[in-house]
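Have a look at input.pdb below; it lists PDB, C-alpha atoms.
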```
ATOM      1  CA  MET G 576      -5.052  -8.213   0.845
ATOM      2  CA  ARG G 577      -8.695  -9.284   0.560
ATOM      3  CA  THR G 578      -9.764  -6.347   2.716
ATOM      4  CA  SER G 579      -8.001  -3.876   0.428
ATOM      5  CA  ILE G 580      -9.643  -5.427  -2.644
ATOM      6  CA  VAL G 581     -13.082  -5.193  -1.003
ATOM      7  CA  LEU G 582     -12.372  -1.573  -0.049
ATOM      8  CA  LEU G 583     -11.315  -0.732  -3.612
ATOM      9  CA  ALA G 584     -14.445  -2.404  -4.985
ATOM     10  CA  ALA G 585     -16.621  -0.380  -2.611
ATOM     11  CA  LEU G 586     -14.854   2.831  -3.639
ATOM     12  CA  LEU G 587     -15.400   1.976  -7.296
ATOM     13  CA  CYS G 588     -19.115   1.430  -6.679
ATOM     14  CA  VAL G 589     -19.436   4.735  -4.845
ATOM     15  CA  ASP G 590     -17.515   6.465  -7.630
ATOM     16  CA  ALA G 591     -19.729   4.892 -10.297
ATOM     17  CA  LEU G 592     -22.869   6.049  -8.487
ATOM     18  CA  ARG G 593     -21.400   9.532  -8.020
ATOM     19  CA  THR G 594     -20.611   9.932 -11.722
ATOM     20  CA  MET G 595     -23.948   8.495 -12.903
ATOM     21  CA  PRO G 596     -25.825  11.013 -15.065
ATOM     22  CA  PRO G 597     -29.287  11.965 -13.764
ATOM     23  CA  ALA G 598     -31.114  10.647 -16.853
ATOM     24  CA  THR G 599     -29.733   7.114 -16.466
ATOM     25  CA  ALA G 600     -29.972   7.164 -12.681
ATOM     26  CA  THR G 601     -33.761   7.153 -12.894
ATOM     27  CA  ARG G 602     -33.764   4.184 -15.280
ATOM     28  CA  GLY G 603     -31.383   2.246 -13.020
ATOM     29  CA  ALA G 604     -28.662   1.566 -15.605
ATOM     30  CA  HIS G 605     -25.176   2.995 -15.436
ATOM     31  CA  PRO G 606     -23.648   3.881 -18.814
ATOM     32  CA  PHE G 607     -20.481   1.842 -18.144
ATOM     33  CA  ILE G 608     -22.490  -1.223 -17.166
ATOM     34  CA  ALA G 609     -24.981  -0.781 -20.005
ATOM     35  CA  GLY G 610     -22.171  -0.624 -22.565
ATOM     36  CA  ALA G 611     -20.212  -3.545 -21.107
ATOM     37  CA  VAL G 612     -21.582  -6.001 -23.685
ATOM     38  CA  SER G 613     -20.872  -3.927 -26.786
ATOM     39  CA  SER G 614     -17.409  -3.169 -28.084
ATOM     40  CA  THR G 615     -18.038   0.566 -28.448
ATOM     41  CA  PRO G 616     -18.104   2.863 -25.417
ATOM     42  CA  PRO G 617     -21.574   4.048 -24.357
ATOM     43  CA  ARG G 618     -22.717   7.556 -25.218
ATOM     44  CA  VAL G 619     -24.257   9.854 -22.638
ATOM     45  CA  PRO G 620     -26.294  12.975 -23.499
ATOM     46  CA  THR G 621     -24.515  16.249 -22.854
ATOM     47  CA  PRO G 622     -25.879  18.207 -19.874
ATOM     48  CA  ASN G 623     -26.501  21.384 -21.903
ATOM     49  CA  ASN G 624     -28.094  19.782 -24.919
ATOM     50  CA  SER G 625     -30.028  16.568 -24.429
ATOM     51  CA  HIS G 626     -30.558  15.988 -28.142
ATOM     52  CA  PRO G 627     -29.598  12.352 -28.897
ATOM     53  CA  SER G 628     -27.314  13.312 -31.787
ATOM     54  CA  ARG G 629     -25.087  15.409 -29.519
ATOM     55  CA  THR G 630     -23.437  13.010 -27.094
ATOM     56  CA  ILE G 631     -20.181  12.658 -25.229
ATOM     57  CA  VAL G 632     -18.224   9.612 -24.097
ATOM     58  CA  PRO G 633     -18.087   9.480 -20.273
ATOM     59  CA  ARG G 634     -14.626   9.981 -18.825
ATOM     60  CA  LEU G 635     -13.107   7.598 -16.327
ATOM     61  CA  SER G 636     -12.641   9.288 -13.001
ATOM     62  CA  LEU G 637      -9.340   9.628 -11.210
ATOM     63  CA  LEU G 638     -10.448   7.122  -8.575
ATOM     64  CA  THR G 639     -11.152   4.444 -11.175
ATOM     65  CA  THR G 640      -7.772   4.948 -12.800
ATOM     66  CA  ALA G 641      -5.942   5.028  -9.460
ATOM     67  CA  SER G 642      -7.683   1.916  -8.186
ATOM     68  CA  SER G 643      -6.765  -0.057 -11.290
ATOM     69  CA  ALA G 644      -3.152   1.065 -10.840
ATOM     70  CA  VAL G 645      -3.227  -0.037  -7.191
ATOM     71  CA  LEU G 646      -4.656  -3.440  -8.109
ATOM     72  CA  GLY G 647      -2.005  -3.858 -10.810
ATOM     73  CA  ALA G 648       0.757  -2.961  -8.365
ATOM     74  CA  ALA G 649      -0.720  -5.278  -5.735
ATOM     75  CA  SER G 650      -0.724  -8.234  -8.111
ATOM     76  CA  PHE G 651       2.897  -7.464  -9.095
ATOM     77  CA  VAL G 652       3.987  -7.255  -5.447
ATOM     78  CA  ALA G 653       2.155 -10.477  -4.539
ATOM     79  CA  ARG G 654       4.225 -12.342  -7.169
ATOM     80  CA  LEU G 655       7.584 -11.247  -5.720
ATOM     81  CA  PRO G 656       9.686 -13.907  -3.979
ATOM     82  CA  ALA G 657       9.159 -14.135  -0.211
ATOM     83  CA  PRO G 658      12.714 -12.979   0.721
ATOM     84  CA  VAL G 659      12.218  -9.836  -1.392
ATOM     85  CA  LEU G 660       8.863  -9.181   0.290
ATOM     86  CA  LEU G 661      10.494  -9.636   3.681
ATOM     87  CA  ALA G 662      13.312  -7.236   2.757
ATOM     88  CA  LEU G 663      10.763  -4.640   1.609
ATOM     89  CA  ALA G 664       8.838  -5.122   4.870
ATOM     90  CA  VAL G 665      12.045  -4.542   6.844
ATOM     91  CA  VAL G 666      12.862  -1.384   4.868
ATOM     92  CA  SER G 667       9.355   0.013   5.327
ATOM     93  CA  GLU G 668       9.449  -0.811   9.058
ATOM     94  CA  ILE G 669      12.767   1.024   9.381
ATOM     95  CA  GLY G 670      11.275   3.970   7.485
ATOM     96  CA  GLY G 671       8.266   3.993   9.815
ATOM     97  CA  THR G 672      10.416   3.862  12.934
ATOM     98  CA  THR G 673      12.710   6.627  11.698
ATOM     99  CA  SER G 674       9.693   8.736  10.697
ATOM    100  CA  MET G 675       8.238   8.221  14.170
ATOM    101  CA  LYS G 676      11.356   9.741  15.727
ATOM    102  CA  LEU G 677      11.254  12.609  13.210
ATOM    103  CA  ALA G 678       7.567  13.218  13.991
ATOM    104  CA  ALA G 679       8.387  13.382  17.689
ATOM    105  CA  THR G 680      11.376  15.696  17.325
ATOM    106  CA  SER G 681      10.656  17.919  14.322
ATOM    107  CA  SER G 682       7.460  18.179  12.268
ATOM    108  CA  PRO G 683       4.243  16.310  13.030
ATOM    109  CA  LEU G 684       3.804  15.877   9.268
ATOM    110  CA  TRP G 685       6.181  12.923   9.562
ATOM    111  CA  SER G 686       3.241  11.084  11.169
ATOM    112  CA  ILE G 687       1.811  10.635   7.670
ATOM    113  CA  CYS G 688       4.995   8.834   6.652
ATOM    114  CA  VAL G 689       4.769   6.683   9.801
ATOM    115  CA  PHE G 690       1.267   5.580   8.818
ATOM    116  CA  ILE G 691       2.228   4.867   5.193
ATOM    117  CA  CYS G 692       5.404   2.955   6.089
ATOM    118  CA  TYR G 693       3.741   0.790   8.719
ATOM    119  CA  ALA G 694       0.726   0.124   6.491
ATOM    120  CA  LEU G 695       3.120  -1.011   3.781
ATOM    121  CA  CYS G 696       5.140  -3.042   6.264
ATOM    122  CA  PHE G 697       2.122  -4.873   7.677
ATOM    123  CA  THR G 698       0.881  -5.534   4.150
ATOM    124  CA  LEU G 699       4.171  -6.998   2.922
ATOM    125  CA  LEU G 700       5.040  -9.101   5.974
ATOM    126  CA  PRO G 701       1.959 -11.367   5.715
ATOM    127  CA  LEU G 702       2.692 -11.858   2.025
ATOM    128  CA  ALA G 703       6.182 -13.065   2.932
ATOM    129  CA  LEU G 704       4.689 -15.350   5.589
ATOM    130  CA  ARG G 705       2.849 -17.288   2.895
ATOM    131  CA  THR G 706       6.010 -19.283   2.192
ATOM    132  CA  LEU G 707       8.515 -18.383   4.925
ATOM    133  CA  PRO G 708       8.339 -19.966   8.382
ATOM    134  CA  LEU G 709       7.047 -17.581  11.048
ATOM    135  CA  SER G 710      10.131 -17.995  13.240
ATOM    136  CA  VAL G 711      12.496 -17.077  10.410
ATOM    137  CA  ALA G 712      10.446 -14.198   9.030
ATOM    138  CA  TYR G 713       9.657 -12.538  12.353
ATOM    139  CA  ALA G 714      13.169 -12.944  13.754
ATOM    140  CA  THR G 715      14.664 -11.469  10.585
ATOM    141  CA  TRP G 716      12.112  -8.634  10.420
ATOM    142  CA  SER G 717      12.392  -7.564  14.043
ATOM    143  CA  GLY G 718      16.131  -8.158  14.363
ATOM    144  CA  ALA G 719      17.085  -6.339  11.180
ATOM    145  CA  GLY G 720      14.816  -3.467  12.187
ATOM    146  CA  THR G 721      16.424  -3.297  15.618
ATOM    147  CA  VAL G 722      19.979  -3.336  14.276
ATOM    148  CA  ALA G 723      19.183  -0.739  11.618
ATOM    149  CA  SER G 724      17.418   1.540  14.101
ATOM    150  CA  VAL G 725      20.493   1.591  16.341
ATOM    151  CA  PHE G 726      22.750   2.675  13.467
ATOM    152  CA  ILE G 727      20.204   5.178  12.105
ATOM    153  CA  GLY G 728      19.872   6.613  15.616
ATOM    154  CA  ALA G 729      23.635   7.068  15.739
ATOM    155  CA  LEU G 730      23.957   8.548  12.246
ATOM    156  CA  ILE G 731      20.909  10.830  12.132
ATOM    157  CA  PHE G 732      19.998  11.555  15.761
ATOM    158  CA  SER G 733      23.510  11.519  17.326
ATOM    159  CA  GLU G 734      22.694   8.668  19.693
ATOM    160  CA  LYS G 735      25.698   6.953  21.260
ATOM    161  CA  ILE G 736      26.707   3.398  20.436
ATOM    162  CA  THR G 737      28.462   1.888  23.431
ATOM    163  CA  PRO G 738      30.506  -1.321  23.408
ATOM    164  CA  PHE G 739      27.694  -3.021  25.332
ATOM    165  CA  LYS G 740      25.190  -2.006  22.602
ATOM    166  CA  LEU G 741      27.511  -3.459  19.974
ATOM    167  CA  PHE G 742      27.743  -6.704  21.971
ATOM    168  CA  CYS G 743      23.942  -6.904  22.221
ATOM    169  CA  LEU G 744      23.564  -6.146  18.509
ATOM    170  CA  SER G 745      25.998  -8.914  17.667
ATOM    171  CA  ALA G 746      23.953 -11.303  19.847
ATOM    172  CA  ILE G 747      20.821 -10.301  17.876
ATOM    173  CA  VAL G 748      22.587 -10.891  14.559
ATOM    174  CA  PHE G 749      23.924 -14.286  15.695
ATOM    175  CA  GLY G 750      20.444 -15.199  16.891
ATOM    176  CA  ILE G 751      18.934 -14.330  13.508
ATOM    177  CA  VAL G 752      21.606 -16.314  11.687
ATOM    178  CA  GLY G 753      21.042 -19.249  14.049
ATOM    179  CA  ILE G 754      17.264 -19.234  13.495
ATOM    180  CA  ASN G 755      17.718 -19.047   9.712
ATOM    181  CA  HIS G 756      19.870 -22.215   9.671
TER
END
```

Starting from the file, lay out its structure as structure tokens.
Amino acid sequence: MRTSIVLLAALLCVDALRTMPPATATRGAHPFIAGAVSSTPPRVPTPNNSHPSRTIVPRLSLLTTASSAVLGAASFVARLPAPVLLALAVVSEIGGTTSMKLAATSSPLWSICVFICYALCFTLLPLALRTLPLSVAYATWSGAGTVASVFIGALIFSEKITPFKLFCLSAIVFGIVGINH
């Protein structure tokens, strides 16, 4: 979580430097920073007419808006109860595993979904581990993912479920229930 916040802060700094007008870049003050104390937004001279009476308000870039949305979503997700975070981690892990099979058998574009799902999964699981015991969280995460992948393999990819697979799946489920109690 801290790494993603540092990365977003670095992206915001790069974006602020990229959008800095040439006139203020030489003075060393960015219009957003210079206007941070006042209640009115700063005014920047227009590129075509540098007369002080003709000014425009700088627009926030897409990156700035997107990063604030990501930080808002991250703070919302971090406040979710640990069992909900664990359930979301399981769902995203199942999505990543299913996408991996689809990337191998159909279009390589599914690899993008694999990356997104596993990034989400490995972001949510540590958040759930803040309050859940490691043994409970990991057993639930891996076991639920295993059971779901067997049924998804049968439903989507026509993989066979044998009686021995069902016996092994029931042993996994009983093991998860046993660890949770």

| query | Can you tell me, as an NGL selection string, what residues are no more than 10 Å from Phe697 (chain G) when counting all atoms listed in the file, ignoring any on the same chain fewer than 6 positions away? | reply | :G and (664-665 or 667-668)

| field | Residues in the PyMOL selection byres ((chain G and resi 719) around 10), expressed as number ranges by chain | value | G: 662, 665-666, 668-669, 713-718, 720-724, 744, 747-748, 751

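The residue that comes closest to Thr706 (chain G), out of G:Ser745, G:Arg654, G:Gly671, G:Ile727 and on the basis of only C-alpha atoms, is G:Arg654.
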
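Our summary of the geometry notes that CA of Pro658 (chain G) is positioned 12.6 Å from CA of Leu709 (chain G).
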
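One finds CA of Ala712 (chain G) at 15.3 Å from CA of Leu655 (chain G).
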
| request: Name the residues captured by the PyMOL selection byres ((chain G and resi 732) around 12) when it is applied to the shown file; answer as an MDAnalysis selection string. | output: chainID G and resid 673:674 676:677 679:681 724:731 733:736

Write to file, as a PDB file, keeping the file's coordinate frame, the residues of the selection just made, with C-alpha atoms.
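result-v8.pdb written:
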```pdb
ATOM      1  CA  THR G 673      12.710   6.627  11.698  1.00  0.00           C
ATOM      2  CA  SER G 674       9.693   8.736  10.697  1.00  0.00           C
ATOM      3  CA  LYS G 676      11.356   9.741  15.727  1.00  0.00           C
ATOM      4  CA  LEU G 677      11.254  12.609  13.210  1.00  0.00           C
ATOM      5  CA  ALA G 679       8.387  13.382  17.689  1.00  0.00           C
ATOM      6  CA  THR G 680      11.376  15.696  17.325  1.00  0.00           C
ATOM      7  CA  SER G 681      10.656  17.919  14.322  1.00  0.00           C
ATOM      8  CA  SER G 724      17.418   1.540  14.101  1.00  0.00           C
ATOM      9  CA  VAL G 725      20.493   1.591  16.341  1.00  0.00           C
ATOM     10  CA  PHE G 726      22.750   2.675  13.467  1.00  0.00           C
ATOM     11  CA  ILE G 727      20.204   5.178  12.105  1.00  0.00           C
ATOM     12  CA  GLY G 728      19.872   6.613  15.616  1.00  0.00           C
ATOM     13  CA  ALA G 729      23.635   7.068  15.739  1.00  0.00           C
ATOM     14  CA  LEU G 730      23.957   8.548  12.246  1.00  0.00           C
ATOM     15  CA  ILE G 731      20.909  10.830  12.132  1.00  0.00           C
ATOM     16  CA  SER G 733      23.510  11.519  17.326  1.00  0.00           C
ATOM     17  CA  GLU G 734      22.694   8.668  19.693  1.00  0.00           C
ATOM     18  CA  LYS G 735      25.698   6.953  21.260  1.00  0.00           C
ATOM     19  CA  ILE G 736      26.707   3.398  20.436  1.00  0.00           C
TER      20      ILE G 736
END
```

Box centre and edge lengths (Å, one decimal), axis-aligned, region 673-676 of chain G plus 6 Å each side, as lines of an AutoDock Vina configuration file:
```
center_x = 10.5
center_y = 8.2
center_z = 13.2
size_x = 16.5
size_y = 15.1
size_z = 17.0
```

| CA of Pro708 (chain G) and CA of Ala657 (chain G) are how many Å apart? | 10.4 Å

Taking 2 positions as the minimum chain separation for residues in the same chain, which residues sit within 8 Å of Val689 (chain G) when counting only C-alpha atoms? Answer as a PDB file with C-alpha atoms, in the coordinates of the input.
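Generated output (out14.pdb):
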```pdb
ATOM      1  CA  GLY G 670      11.275   3.970   7.485  1.00  0.00           C
ATOM      2  CA  GLY G 671       8.266   3.993   9.815  1.00  0.00           C
ATOM      3  CA  THR G 672      10.416   3.862  12.934  1.00  0.00           C
ATOM      4  CA  SER G 674       9.693   8.736  10.697  1.00  0.00           C
ATOM      5  CA  MET G 675       8.238   8.221  14.170  1.00  0.00           C
ATOM      6  CA  TRP G 685       6.181  12.923   9.562  1.00  0.00           C
ATOM      7  CA  SER G 686       3.241  11.084  11.169  1.00  0.00           C
ATOM      8  CA  ILE G 687       1.811  10.635   7.670  1.00  0.00           C
ATOM      9  CA  ILE G 691       2.228   4.867   5.193  1.00  0.00           C
ATOM     10  CA  CYS G 692       5.404   2.955   6.089  1.00  0.00           C
ATOM     11  CA  TYR G 693       3.741   0.790   8.719  1.00  0.00           C
TER      12      TYR G 693
END
```

Taking 3 positions as the minimum chain separation for residues in the same chain, which residues sit within 8 Å of Pro656 (chain G) when counting all atoms listed in the file? Answer as a compact mmCIF listing (two decimals) with C-alpha atoms, keeping the file's coordinate frame.
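For reference, selection-v3.txt as written:
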```txt
# COMPACT_ATOMS: atom_id res chain seq x y z
CA VAL G 659 12.22 -9.84 -1.39
CA LEU G 660 8.86 -9.18 0.29
CA ALA G 703 6.18 -13.06 2.93
```
